[in-house]
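Pasting final_10.pdb here (PDB, C-alpha atoms):
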```
ATOM      1  CA  MET A   1      11.754  48.826  -0.446
ATOM      2  CA  ASP A   2      10.601  49.005   3.160
ATOM      3  CA  GLY A   3       6.967  49.279   4.215
ATOM      4  CA  LEU A   4       3.933  47.784   5.916
ATOM      5  CA  ILE A   5       2.420  44.561   4.586
ATOM      6  CA  LEU A   6      -1.060  43.123   5.039
ATOM      7  CA  ALA A   7      -1.040  39.326   4.807
ATOM      8  CA  GLY A   8      -4.009  37.015   5.021
ATOM      9  CA  ASP A   9      -4.994  33.357   5.138
ATOM     10  CA  VAL A  10      -8.680  32.819   4.343
ATOM     11  CA  GLY A  11     -10.529  29.614   5.181
ATOM     12  CA  GLY A  12     -14.102  28.436   5.302
ATOM     13  CA  THR A  13     -14.088  28.595   9.101
ATOM     14  CA  LYS A  14     -11.522  31.242  10.004
ATOM     15  CA  THR A  15      -9.680  34.113   8.396
ATOM     16  CA  GLN A  16      -6.301  35.101   9.793
ATOM     17  CA  LEU A  17      -4.837  38.520   9.071
ATOM     18  CA  GLY A  18      -1.398  39.836   9.962
ATOM     19  CA  LEU A  19       0.339  43.204   9.726
ATOM     20  CA  PHE A  20       4.060  42.929   9.026
ATOM     21  CA  GLU A  21       6.836  45.494   8.915
ATOM     22  CA  HIS A  22       9.364  44.958   6.118
ATOM     23  CA  SER A  23      12.682  46.623   6.792
ATOM     24  CA  ALA A  24      16.191  45.958   5.441
ATOM     25  CA  GLY A  25      15.039  42.666   3.935
ATOM     26  CA  ASN A  26      13.519  41.389   7.186
ATOM     27  CA  LEU A  27       9.894  40.783   8.149
ATOM     28  CA  LYS A  28       8.560  41.524  11.620
ATOM     29  CA  LEU A  29       5.043  40.672  12.738
ATOM     30  CA  VAL A  30       3.412  43.778  14.218
ATOM     31  CA  ARG A  31       0.066  42.169  15.101
ATOM     32  CA  GLU A  32      -2.315  39.469  13.937
ATOM     33  CA  HIS A  33      -5.892  38.390  14.545
ATOM     34  CA  ARG A  34      -8.197  35.491  13.696
ATOM     35  CA  TYR A  35     -11.761  36.126  12.614
ATOM     36  CA  ALA A  36     -14.750  33.867  12.069
ATOM     37  CA  THR A  37     -15.196  34.000   8.292
ATOM     38  CA  ALA A  38     -18.988  33.713   8.494
ATOM     39  CA  GLU A  39     -19.223  36.926  10.531
ATOM     40  CA  PHE A  40     -18.197  39.075   7.545
ATOM     41  CA  ASP A  41     -19.729  39.496   4.107
ATOM     42  CA  SER A  42     -16.490  40.228   2.244
ATOM     43  CA  LEU A  43     -12.717  40.108   2.419
ATOM     44  CA  GLU A  44     -12.666  43.898   2.177
ATOM     45  CA  ALA A  45     -14.857  44.149   5.288
ATOM     46  CA  VAL A  46     -12.660  41.938   7.440
ATOM     47  CA  CYS A  47      -9.536  43.788   6.262
ATOM     48  CA  ALA A  48     -11.156  47.129   7.168
ATOM     49  CA  ASN A  49     -11.979  45.783  10.622
ATOM     50  CA  PHE A  50      -8.397  44.640  11.105
ATOM     51  CA  LEU A  51      -6.686  47.808   9.861
ATOM     52  CA  GLY A  52      -9.072  50.273  11.459
ATOM     53  CA  THR A  53      -9.761  53.852  10.461
ATOM     54  CA  GLY A  54      -6.894  55.361   8.533
ATOM     55  CA  GLY A  55      -4.942  52.098   8.431
ATOM     56  CA  ALA A  56      -2.628  52.140   5.431
ATOM     57  CA  VAL A  57      -0.320  49.477   4.016
ATOM     58  CA  ASN A  58       2.111  49.403   1.095
ATOM     59  CA  ALA A  59       1.233  45.958  -0.283
ATOM     60  CA  ALA A  60      -1.070  43.023   0.468
ATOM     61  CA  CYS A  61      -1.199  39.322  -0.278
ATOM     62  CA  VAL A  62      -3.929  36.893   0.764
ATOM     63  CA  GLY A  63      -4.142  33.113   0.429
ATOM     64  CA  VAL A  64      -7.600  31.763  -0.407
ATOM     65  CA  PRO A  65      -8.872  28.161  -0.767
ATOM     66  CA  GLY A  66      -9.384  27.596  -4.463
ATOM     67  CA  PRO A  67      -7.927  28.521  -7.848
ATOM     68  CA  ILE A  68      -7.075  32.108  -8.800
ATOM     69  CA  ILE A  69      -8.045  32.844 -12.402
ATOM     70  CA  ASP A  70      -7.499  36.280 -13.981
ATOM     71  CA  GLY A  71      -7.145  37.907 -10.594
ATOM     72  CA  ARG A  72     -10.345  36.416  -9.213
ATOM     73  CA  GLY A  73     -10.553  33.802  -6.506
ATOM     74  CA  HIS A  74     -12.875  30.821  -6.898
ATOM     75  CA  ALA A  75     -12.887  29.917  -3.245
ATOM     76  CA  THR A  76     -14.096  26.597  -1.914
ATOM     77  CA  ASN A  77     -16.466  26.932   1.073
ATOM     78  CA  VAL A  78     -16.082  30.736   1.222
ATOM     79  CA  PRO A  79     -19.092  32.758  -0.046
ATOM     80  CA  TRP A  80     -17.125  35.947  -0.721
ATOM     81  CA  GLU A  81     -16.523  37.582  -4.099
ATOM     82  CA  LEU A  82     -12.723  37.739  -4.256
ATOM     83  CA  SER A  83     -10.704  39.864  -6.659
ATOM     84  CA  THR A  84      -7.360  41.625  -6.595
ATOM     85  CA  ALA A  85      -8.913  44.735  -8.162
ATOM     86  CA  SER A  86     -11.619  45.063  -5.494
ATOM     87  CA  LEU A  87      -9.230  44.537  -2.605
ATOM     88  CA  SER A  88      -6.699  46.961  -4.090
ATOM     89  CA  ARG A  89      -9.393  49.660  -4.338
ATOM     90  CA  ALA A  90     -10.366  49.063  -0.716
ATOM     91  CA  LEU A  91      -6.704  49.436   0.283
ATOM     92  CA  LYS A  92      -6.311  52.749  -1.595
ATOM     93  CA  GLY A  93      -4.729  51.319  -4.728
ATOM     94  CA  VAL A  94      -1.733  49.466  -3.276
ATOM     95  CA  PRO A  95      -0.359  46.362  -5.050
ATOM     96  CA  VAL A  96      -2.440  43.295  -4.130
ATOM     97  CA  ARG A  97      -2.108  39.604  -4.947
ATOM     98  CA  LEU A  98      -4.434  36.704  -4.239
ATOM     99  CA  LEU A  99      -2.751  33.307  -3.989
ATOM    100  CA  ASN A 100      -4.127  29.810  -3.738
ATOM    101  CA  ASP A 101      -3.904  28.977  -0.025
ATOM    102  CA  LEU A 102      -1.514  26.072  -0.613
ATOM    103  CA  THR A 103       0.723  28.334  -2.696
ATOM    104  CA  ALA A 104       0.921  30.674   0.299
ATOM    105  CA  ILE A 105       1.635  27.736   2.618
ATOM    106  CA  ALA A 106       4.350  26.525   0.238
ATOM    107  CA  TYR A 107       6.127  29.886   0.350
ATOM    108  CA  GLY A 108       5.802  29.838   4.122
ATOM    109  CA  MET A 109       7.325  26.379   4.450
ATOM    110  CA  VAL A 110      10.721  27.467   3.105
ATOM    111  CA  ASN A 111      10.823  30.285   5.663
ATOM    112  CA  LEU A 112      10.305  28.125   8.765
ATOM    113  CA  GLU A 113      13.044  27.169  11.213
ATOM    114  CA  PRO A 114      14.148  23.509  11.529
ATOM    115  CA  ALA A 115      12.692  23.371  15.044
ATOM    116  CA  GLU A 116       9.233  24.037  13.572
ATOM    117  CA  PHE A 117       9.174  20.631  11.851
ATOM    118  CA  VAL A 118       8.877  17.008  12.925
ATOM    119  CA  ILE A 119      10.546  14.525  10.570
ATOM    120  CA  LEU A 120       8.434  11.501   9.622
ATOM    121  CA  HIS A 121      10.876   9.989   7.150
ATOM    122  CA  ARG A 122      14.552  10.892   7.044
ATOM    123  CA  ALA A 123      16.021  10.950   3.552
ATOM    124  CA  GLU A 124      18.878   8.771   2.390
ATOM    125  CA  ASN A 125      21.517  10.866   0.595
ATOM    126  CA  PRO A 126      19.242  13.790  -0.403
ATOM    127  CA  PRO A 127      20.493  16.366  -2.940
ATOM    128  CA  GLN A 128      21.416  19.873  -1.790
ATOM    129  CA  HIS A 129      18.416  21.404  -3.571
ATOM    130  CA  GLY A 130      15.348  20.024  -5.294
ATOM    131  CA  ASN A 131      11.651  20.472  -5.863
ATOM    132  CA  ILE A 132       9.399  20.335  -2.799
ATOM    133  CA  ALA A 133       5.906  18.830  -2.536
ATOM    134  CA  VAL A 134       3.432  20.402  -0.102
ATOM    135  CA  ILE A 135       0.281  18.592   1.006
ATOM    136  CA  ALA A 136      -2.137  19.708   3.698
ATOM    137  CA  ALA A 137      -5.163  17.881   5.072
ATOM    138  CA  GLY A 138      -7.595  20.002   7.052
ATOM    139  CA  THR A 139     -11.166  21.002   6.288
ATOM    140  CA  GLY A 140     -10.240  19.964   2.742
ATOM    141  CA  LEU A 141      -7.099  18.640   1.049
ATOM    142  CA  GLY A 142      -4.646  21.062  -0.525
ATOM    143  CA  GLU A 143      -1.618  20.281  -2.672
ATOM    144  CA  SER A 144       1.135  22.419  -4.142
ATOM    145  CA  ALA A 145       4.768  22.285  -5.199
ATOM    146  CA  LEU A 146       7.865  24.446  -5.012
ATOM    147  CA  VAL A 147      10.099  24.279  -8.070
ATOM    148  CA  TRP A 148      13.792  25.002  -7.578
ATOM    149  CA  GLU A 149      15.112  27.302 -10.295
ATOM    150  CA  GLY A 150      18.784  28.107  -9.874
ATOM    151  CA  ASP A 151      18.719  30.220  -6.739
ATOM    152  CA  LYS A 152      15.136  30.333  -5.443
ATOM    153  CA  TYR A 153      11.827  28.490  -5.224
ATOM    154  CA  TYR A 154       8.721  29.212  -7.288
ATOM    155  CA  ALA A 155       5.392  27.861  -6.049
ATOM    156  CA  VAL A 156       2.996  26.040  -8.380
ATOM    157  CA  ALA A 157      -0.712  26.119  -7.579
ATOM    158  CA  SER A 158      -2.747  22.924  -7.769
ATOM    159  CA  GLU A 159      -6.197  21.474  -7.177
ATOM    160  CA  GLY A 160      -4.725  17.980  -6.829
ATOM    161  CA  GLY A 161      -6.792  17.257  -3.739
ATOM    162  CA  HIS A 162      -9.791  16.835  -6.046
ATOM    163  CA  SER A 163      -8.117  14.211  -8.226
ATOM    164  CA  ASP A 164      -9.449  10.646  -8.181
ATOM    165  CA  PHE A 165      -8.837   8.581  -5.056
ATOM    166  CA  ALA A 166      -6.709   5.576  -6.051
ATOM    167  CA  PRO A 167      -7.169   2.810  -3.472
ATOM    168  CA  HIS A 168      -4.617   0.096  -2.822
ATOM    169  CA  GLY A 169      -5.573  -3.197  -1.238
ATOM    170  CA  THR A 170      -8.942  -4.898  -0.981
ATOM    171  CA  GLU A 171     -10.159  -2.876   1.990
ATOM    172  CA  GLN A 172      -9.519   0.484   0.331
ATOM    173  CA  ILE A 173     -11.203  -0.771  -2.841
ATOM    174  CA  GLU A 174     -14.292  -1.519  -0.760
ATOM    175  CA  LEU A 175     -14.002   1.957   0.784
ATOM    176  CA  LEU A 176     -14.033   3.425  -2.724
ATOM    177  CA  ARG A 177     -17.134   1.413  -3.599
ATOM    178  CA  PHE A 178     -18.856   2.618  -0.427
ATOM    179  CA  LEU A 179     -18.081   6.289  -1.120
ATOM    180  CA  THR A 180     -18.887   6.026  -4.829
ATOM    181  CA  GLY A 181     -22.382   4.993  -3.835
ATOM    182  CA  GLU A 182     -22.734   8.244  -1.885
ATOM    183  CA  PHE A 183     -20.789  10.795  -3.896
ATOM    184  CA  GLY A 184     -20.358   9.419  -7.403
ATOM    185  CA  HIS A 185     -16.917  10.947  -7.907
ATOM    186  CA  VAL A 186     -14.545  10.159  -5.025
ATOM    187  CA  SER A 187     -11.573  12.496  -4.738
ATOM    188  CA  TYR A 188      -8.682  12.256  -2.315
ATOM    189  CA  GLU A 189     -10.341  15.051  -0.348
ATOM    190  CA  ARG A 190     -13.212  12.658   0.410
ATOM    191  CA  VAL A 191     -10.786  10.542   2.474
ATOM    192  CA  LEU A 192      -7.934  12.928   3.391
ATOM    193  CA  SER A 193      -9.602  15.726   5.350
ATOM    194  CA  GLY A 194     -11.621  16.153   8.517
ATOM    195  CA  PRO A 195     -14.805  14.991   6.744
ATOM    196  CA  GLY A 196     -12.661  12.331   5.023
ATOM    197  CA  LEU A 197     -11.724  10.710   8.338
ATOM    198  CA  TRP A 198     -15.411  10.616   9.204
ATOM    199  CA  ASN A 199     -16.132   8.918   5.864
ATOM    200  CA  ILE A 200     -13.492   6.262   6.570
ATOM    201  CA  TYR A 201     -14.862   5.690  10.062
ATOM    202  CA  ARG A 202     -18.439   5.293   8.832
ATOM    203  CA  PHE A 203     -17.325   2.674   6.319
ATOM    204  CA  LEU A 204     -15.285   0.729   8.856
ATOM    205  CA  ARG A 205     -18.006   0.895  11.502
ATOM    206  CA  LEU A 206     -20.451  -0.618   9.002
ATOM    207  CA  GLU A 207     -17.962  -3.292   7.956
ATOM    208  CA  SER A 208     -17.075  -4.179  11.548
ATOM    209  CA  HIS A 209     -20.656  -5.181  12.473
ATOM    210  CA  VAL A 210     -19.777  -3.849  15.945
ATOM    211  CA  GLU A 211     -22.227  -1.417  17.509
ATOM    212  CA  GLU A 212     -20.899   2.059  18.212
ATOM    213  CA  PRO A 213     -20.215   2.468  21.961
ATOM    214  CA  ALA A 214     -22.644   4.757  23.785
ATOM    215  CA  TRP A 215     -19.869   7.052  25.032
ATOM    216  CA  LEU A 216     -18.520   7.501  21.485
ATOM    217  CA  LYS A 217     -21.996   8.104  20.073
ATOM    218  CA  ALA A 218     -22.495  10.852  22.670
ATOM    219  CA  GLU A 219     -19.149  12.504  21.868
ATOM    220  CA  ILE A 220     -19.866  12.419  18.138
ATOM    221  CA  ALA A 221     -23.309  13.953  18.682
ATOM    222  CA  ALA A 222     -21.902  16.653  20.966
ATOM    223  CA  GLY A 223     -19.496  18.239  18.501
ATOM    224  CA  ASP A 224     -16.976  17.562  15.731
ATOM    225  CA  SER A 225     -17.496  13.949  14.644
ATOM    226  CA  SER A 226     -14.046  13.630  13.047
ATOM    227  CA  ALA A 227     -12.350  15.069  16.138
ATOM    228  CA  ALA A 228     -14.227  12.572  18.322
ATOM    229  CA  VAL A 229     -13.030   9.681  16.153
ATOM    230  CA  SER A 230      -9.460  10.998  16.116
ATOM    231  CA  GLU A 231      -9.305  11.532  19.878
ATOM    232  CA  ALA A 232     -10.749   8.074  20.563
ATOM    233  CA  ALA A 233      -8.170   6.543  18.216
ATOM    234  CA  LEU A 234      -5.223   8.374  19.782
ATOM    235  CA  ALA A 235      -6.360   7.271  23.237
ATOM    236  CA  GLY A 236      -6.846   3.687  22.032
ATOM    237  CA  ARG A 237     -10.403   3.676  23.356
ATOM    238  CA  ASP A 238     -12.118   2.116  20.339
ATOM    239  CA  PRO A 239     -10.629  -0.348  17.825
ATOM    240  CA  VAL A 240     -12.728   0.899  14.894
ATOM    241  CA  CYS A 241     -11.507   4.457  15.505
ATOM    242  CA  VAL A 242      -7.909   3.195  15.677
ATOM    243  CA  HIS A 243      -8.453   1.327  12.409
ATOM    244  CA  ALA A 244      -9.937   4.448  10.772
ATOM    245  CA  LEU A 245      -7.063   6.739  11.765
ATOM    246  CA  THR A 246      -4.499   4.114  10.775
ATOM    247  CA  MET A 247      -6.078   3.834   7.319
ATOM    248  CA  PHE A 248      -6.172   7.626   7.092
ATOM    249  CA  CYS A 249      -2.411   7.793   7.767
ATOM    250  CA  ASP A 250      -1.718   5.015   5.243
ATOM    251  CA  ILE A 251      -3.664   6.856   2.521
ATOM    252  CA  TYR A 252      -1.997  10.145   3.517
ATOM    253  CA  GLY A 253       1.424   8.564   3.026
ATOM    254  CA  SER A 254       0.411   7.071  -0.303
ATOM    255  CA  GLU A 255      -0.918  10.356  -1.714
ATOM    256  CA  ALA A 256       2.114  12.259  -0.383
ATOM    257  CA  ALA A 257       4.291   9.832  -2.351
ATOM    258  CA  ASN A 258       2.080  10.254  -5.441
ATOM    259  CA  LEU A 259       2.631  14.013  -5.290
ATOM    260  CA  ALA A 260       6.339  13.575  -4.615
ATOM    261  CA  LEU A 261       6.718  11.426  -7.722
ATOM    262  CA  LYS A 262       4.696  13.809  -9.891
ATOM    263  CA  VAL A 263       6.961  16.772  -9.080
ATOM    264  CA  LEU A 264      10.120  14.735  -8.328
ATOM    265  CA  ALA A 265      10.272  16.286  -4.872
ATOM    266  CA  LEU A 266      13.868  15.460  -3.980
ATOM    267  CA  GLY A 267      13.836  18.607  -1.836
ATOM    268  CA  GLY A 268      11.307  16.970   0.451
ATOM    269  CA  VAL A 269       7.612  16.559   1.195
ATOM    270  CA  TYR A 270       6.132  19.019   3.685
ATOM    271  CA  LEU A 271       2.848  18.320   5.488
ATOM    272  CA  GLY A 272       0.814  21.363   6.464
ATOM    273  CA  GLY A 273      -2.785  21.821   7.536
ATOM    274  CA  GLY A 274      -4.429  21.462  10.895
ATOM    275  CA  ILE A 275      -4.740  17.684  11.103
ATOM    276  CA  ALA A 276      -1.124  16.464  10.969
ATOM    277  CA  PRO A 277       0.104  18.133  14.193
ATOM    278  CA  LYS A 278      -2.920  16.780  16.061
ATOM    279  CA  ILE A 279      -2.322  13.155  15.034
ATOM    280  CA  LEU A 280       1.481  13.071  15.258
ATOM    281  CA  PRO A 281       1.566   9.937  17.467
ATOM    282  CA  MET A 282      -0.289   8.027  14.763
ATOM    283  CA  LEU A 283       1.684   9.587  11.890
ATOM    284  CA  THR A 284       4.944   8.552  13.525
ATOM    285  CA  GLY A 285       3.610   5.079  14.289
ATOM    286  CA  GLY A 286       4.542   3.617  10.917
ATOM    287  CA  ALA A 287       1.337   3.653   8.836
ATOM    288  CA  PHE A 288       2.250   6.870   7.018
ATOM    289  CA  VAL A 289       5.738   5.737   6.034
ATOM    290  CA  LYS A 290       4.362   2.331   5.038
ATOM    291  CA  GLY A 291       1.975   4.069   2.631
ATOM    292  CA  PHE A 292       4.725   6.418   1.437
ATOM    293  CA  LEU A 293       7.156   3.613   0.633
ATOM    294  CA  ALA A 294       4.701   1.487  -1.329
ATOM    295  CA  LYS A 295       5.481   2.464  -4.907
ATOM    296  CA  GLY A 296       7.291  -0.653  -6.091
ATOM    297  CA  ARG A 297      10.162   0.154  -8.445
ATOM    298  CA  LEU A 298      10.186   3.827  -7.394
ATOM    299  CA  ASN A 299      10.826   3.145  -3.702
ATOM    300  CA  GLU A 300      14.538   3.802  -4.135
ATOM    301  CA  ILE A 301      13.754   7.358  -5.208
ATOM    302  CA  LEU A 302      11.272   7.838  -2.351
ATOM    303  CA  LYS A 303      13.922   6.752   0.140
ATOM    304  CA  ARG A 304      15.855   9.877  -0.875
ATOM    305  CA  ILE A 305      12.908  12.164  -0.055
ATOM    306  CA  GLU A 306      12.541  13.571   3.453
ATOM    307  CA  VAL A 307       9.033  14.012   4.847
ATOM    308  CA  ARG A 308       8.374  16.733   7.405
ATOM    309  CA  VAL A 309       5.325  17.930   9.356
ATOM    310  CA  SER A 310       5.031  21.663   9.959
ATOM    311  CA  LEU A 311       4.081  22.536  13.538
ATOM    312  CA  ASN A 312       3.547  26.197  12.668
ATOM    313  CA  GLN A 313      -0.152  26.934  12.179
ATOM    314  CA  THR A 314       0.549  30.369  10.670
ATOM    315  CA  THR A 315       2.601  29.063   7.731
ATOM    316  CA  GLY A 316       0.130  30.386   5.140
ATOM    317  CA  LEU A 317       0.153  33.845   6.704
ATOM    318  CA  LEU A 318       3.946  33.864   6.737
ATOM    319  CA  GLY A 319       4.100  32.767   3.091
ATOM    320  CA  ALA A 320       1.671  35.500   2.023
ATOM    321  CA  ALA A 321       3.756  38.077   3.872
ATOM    322  CA  HIS A 322       6.962  36.986   2.155
ATOM    323  CA  TYR A 323       5.233  37.101  -1.221
ATOM    324  CA  ALA A 324       3.961  40.627  -0.536
ATOM    325  CA  ALA A 325       7.443  41.710   0.555
ATOM    326  CA  ALA A 326       8.714  40.809  -2.905
ATOM    327  CA  MET A 327       6.034  43.113  -4.378
ATOM    328  CA  LEU A 328       7.342  46.245  -2.625
TER     329      LEU A 328
END
```

Structure encoded using structure tokens:
Amino acid sequence: MDGLILAGDVGGTKTQLGLFEHSAGNLKLVREHRYATAEFDSLEAVCANFLGTGGAVNAACVGVPGPIIDGRGHATNVPWELSTASLSRALKGVPVRLLNDLTAIAYGMVNLEPAEFVILHRAENPPQHGNIAVIAAGTGLGESALVWEGDKYYAVASEGGHSDFAPHGTEQIELLRFLTGEFGHVSYERVLSGPGLWNIYRFLRLESHVEEPAWLKAEIAAGDSSAAVSEAALAGRDPVCVHALTMFCDIYGSEAANLALKVLALGGVYLGGGIAPKILPMLTGGAFVKGFLAKGRLNEILKRIEVRVSLNQTTGLLGAAHYAAAML
């Protein structure tokens, strides 16, 4: 069935909405807009702003950060009450689905073009089809999987980013001890996210016994502390920042491999989120692959798994649109 689709990708900082036309099995973006999430008191309100007076769609799908249970979203870092029933009423009763944001990203990944990826690890003799692992570090850490069933992929939601951080090597064990003292429970999100990079940096700065340079202190105070550390590392301006981002990439590779082994992701591992494209020079520098291929007896399987970084920052929106198209 043809029609108009409302797709959304909700985050703690921004909410992206898109209007798509579905015709003859193809999707065409009509328009899209990014909103500051904090400026609205509900998902229904931001959708009304986007669609305008009299705006009507035939189906809607929105990705939100957190689990979806019985049609209700339990969003992380988003203060909205989220439910399929409420949004459907606001959209005049059309079919509506809320998805975990990483589920939406997963569906988007399989609809990207090859040119929209950078390959971090090329697979040795990969199978034609197989399960896919999706991991995305950004404001938080999201994980998902795509299961291959005969002729198509089905996404599996997950809150794996909140599973226990498993350090390897003496230095990471000390990092765990440091963070345990602050947080009690230390999840992978505490080290693989924007705030996670800041946590790693703080630990390494303390361990280095080297005073923070005045220029770096000023940049950290002026804005996003994690971004300041990342930019200093990429420019090679501070050895502690370089060390922090290198460790971040090592842990990222290790957890990507953990997820790949859990879902036997012979179809590949896809990195989404906002961080990976920004730190590509460091990701391609070897630390990520070193962490990925550090699973002892299972390395031969990991060598058959390709790892890609998505460069498309609207992957979640695209995945939600494709899911809604299947609802028509």

Original post:
Using all atoms listed in the file, which residues sit within 9 Å of A:Val78 once same-chain residues fewer than 4 positions away are excluded, as a PyMOL selection string?
Top reply: chain A and resi 10-13+37-38+64-65+74

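Relative to atom CA of A:Thr284, atom CA of A:Pro213 is found at 27.2 Å.
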
Original post:
Excluding same-chain residues fewer than 2 positions from A:Pro79, what lies within 9 Å of it counting all atoms listed in the file, as a PyMOL selection string?
Top reply: chain A and resi 12+38+41-42+75-77+81

Subject >> Atomic distance atom CA of A:Ala257 - atom CA of A:Lys303, expressed in Å with one decimal >> reply: 10.4 Å

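Once the PyMOL selection byres ((chain A and resi 60) around 9) is applied to the depicted file, the selected set reads Leu4, Ile5, Leu6, Ala7, Gly8, Val57, Asn58, Ala59, Cys61, Val62, Leu87, Ser88, Leu91, Val94, Pro95, Val96, Arg97, Leu98, Ala320, Ala321, Tyr323, Ala324, Ala325 and Met327 of chain A.
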
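The interatomic distance for the pair atom CA of A:Leu234 and atom CA of A:Ile279 works out to 7.3 Å.
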
Find the residues of stretch 67-131 of chain A that sit at most 7 Å from stretch 262-266 of chain A; for each, write down the nearest two atoms and how far apart they are in Å, to one decimal. Count only C-alpha atoms. Sort by chain, then by number going up, and give it as CSV.
```
residue,atom,partner,partner_atom,distance
A:Pro126,CA,A:Leu266,CA,6.7
A:Pro127,CA,A:Leu266,CA,6.8
A:Gly130,CA,A:Leu266,CA,5.0
A:Asn131,CA,A:Ala265,CA,4.5
```

**OP:** Scan for residues within 8 Å of the point (0.7, 44.6, 15.2) in the coordinates of the file, using all atoms listed in the file, and reply as number ranges by chain.
**Re:** A: 18-20, 29-32

Any chance you can output those residues with C-alpha atoms as a PDB file, keeping the file's coordinate frame?
```pdb
ATOM      1  CA  GLY A  18      -1.398  39.836   9.962  1.00  0.00           C
ATOM      2  CA  LEU A  19       0.339  43.204   9.726  1.00  0.00           C
ATOM      3  CA  PHE A  20       4.060  42.929   9.026  1.00  0.00           C
ATOM      4  CA  LEU A  29       5.043  40.672  12.738  1.00  0.00           C
ATOM      5  CA  VAL A  30       3.412  43.778  14.218  1.00  0.00           C
ATOM      6  CA  ARG A  31       0.066  42.169  15.101  1.00  0.00           C
ATOM      7  CA  GLU A  32      -2.315  39.469  13.937  1.00  0.00           C
TER       8      GLU A  32
END
```

Subject >> All residues 12 Å or closer to A:Leu197, only C-alpha atoms, same chain fewer than 4 positions away omitted, as a VMD selection string >> reply: chain A and resid 137 to 141 175 188 to 193 201 to 204 224 to 231 233 240 to 252 275 279

Original post:
If the PyMOL selection byres ((chain A and resi 119-125) around 9) is run on the structure shown, which residues does it catch, given as JSON, numbers by chain?
Top reply: {"A": [117, 118, 126, 127, 268, 283, 284, 286, 288, 289, 302, 303, 304, 305, 306, 307, 308, 309]}

Find the spatial neighbours of A:His33, counting all atoms listed in the file, within a cut-off of 9 Å - ignore same-chain residues fewer than 6 positions away - and output them as a short mmCIF file (atom, residue, chain, number, x, y, z; two decimals) with C-alpha atoms, in the frame of the given file.
```
data_model
loop_
_atom_site.label_atom_id
_atom_site.label_comp_id
_atom_site.auth_asym_id
_atom_site.auth_seq_id
_atom_site.Cartn_x
_atom_site.Cartn_y
_atom_site.Cartn_z
CA THR A 15 -9.68 34.11 8.40
CA GLN A 16 -6.30 35.10 9.79
CA LEU A 17 -4.84 38.52 9.07
CA GLY A 18 -1.40 39.84 9.96
CA PHE A 50 -8.40 44.64 11.10
#
```

Original post:
Written as a PyMOL selection string, what is the full residue list that the PyMOL selection byres ((chain A and resi 99-106) around 8) yields on the file shown?
Top reply: chain A and resi 9-10+61-68+97-98+107-110+134-136+142-146+155-158+272+315-320+323
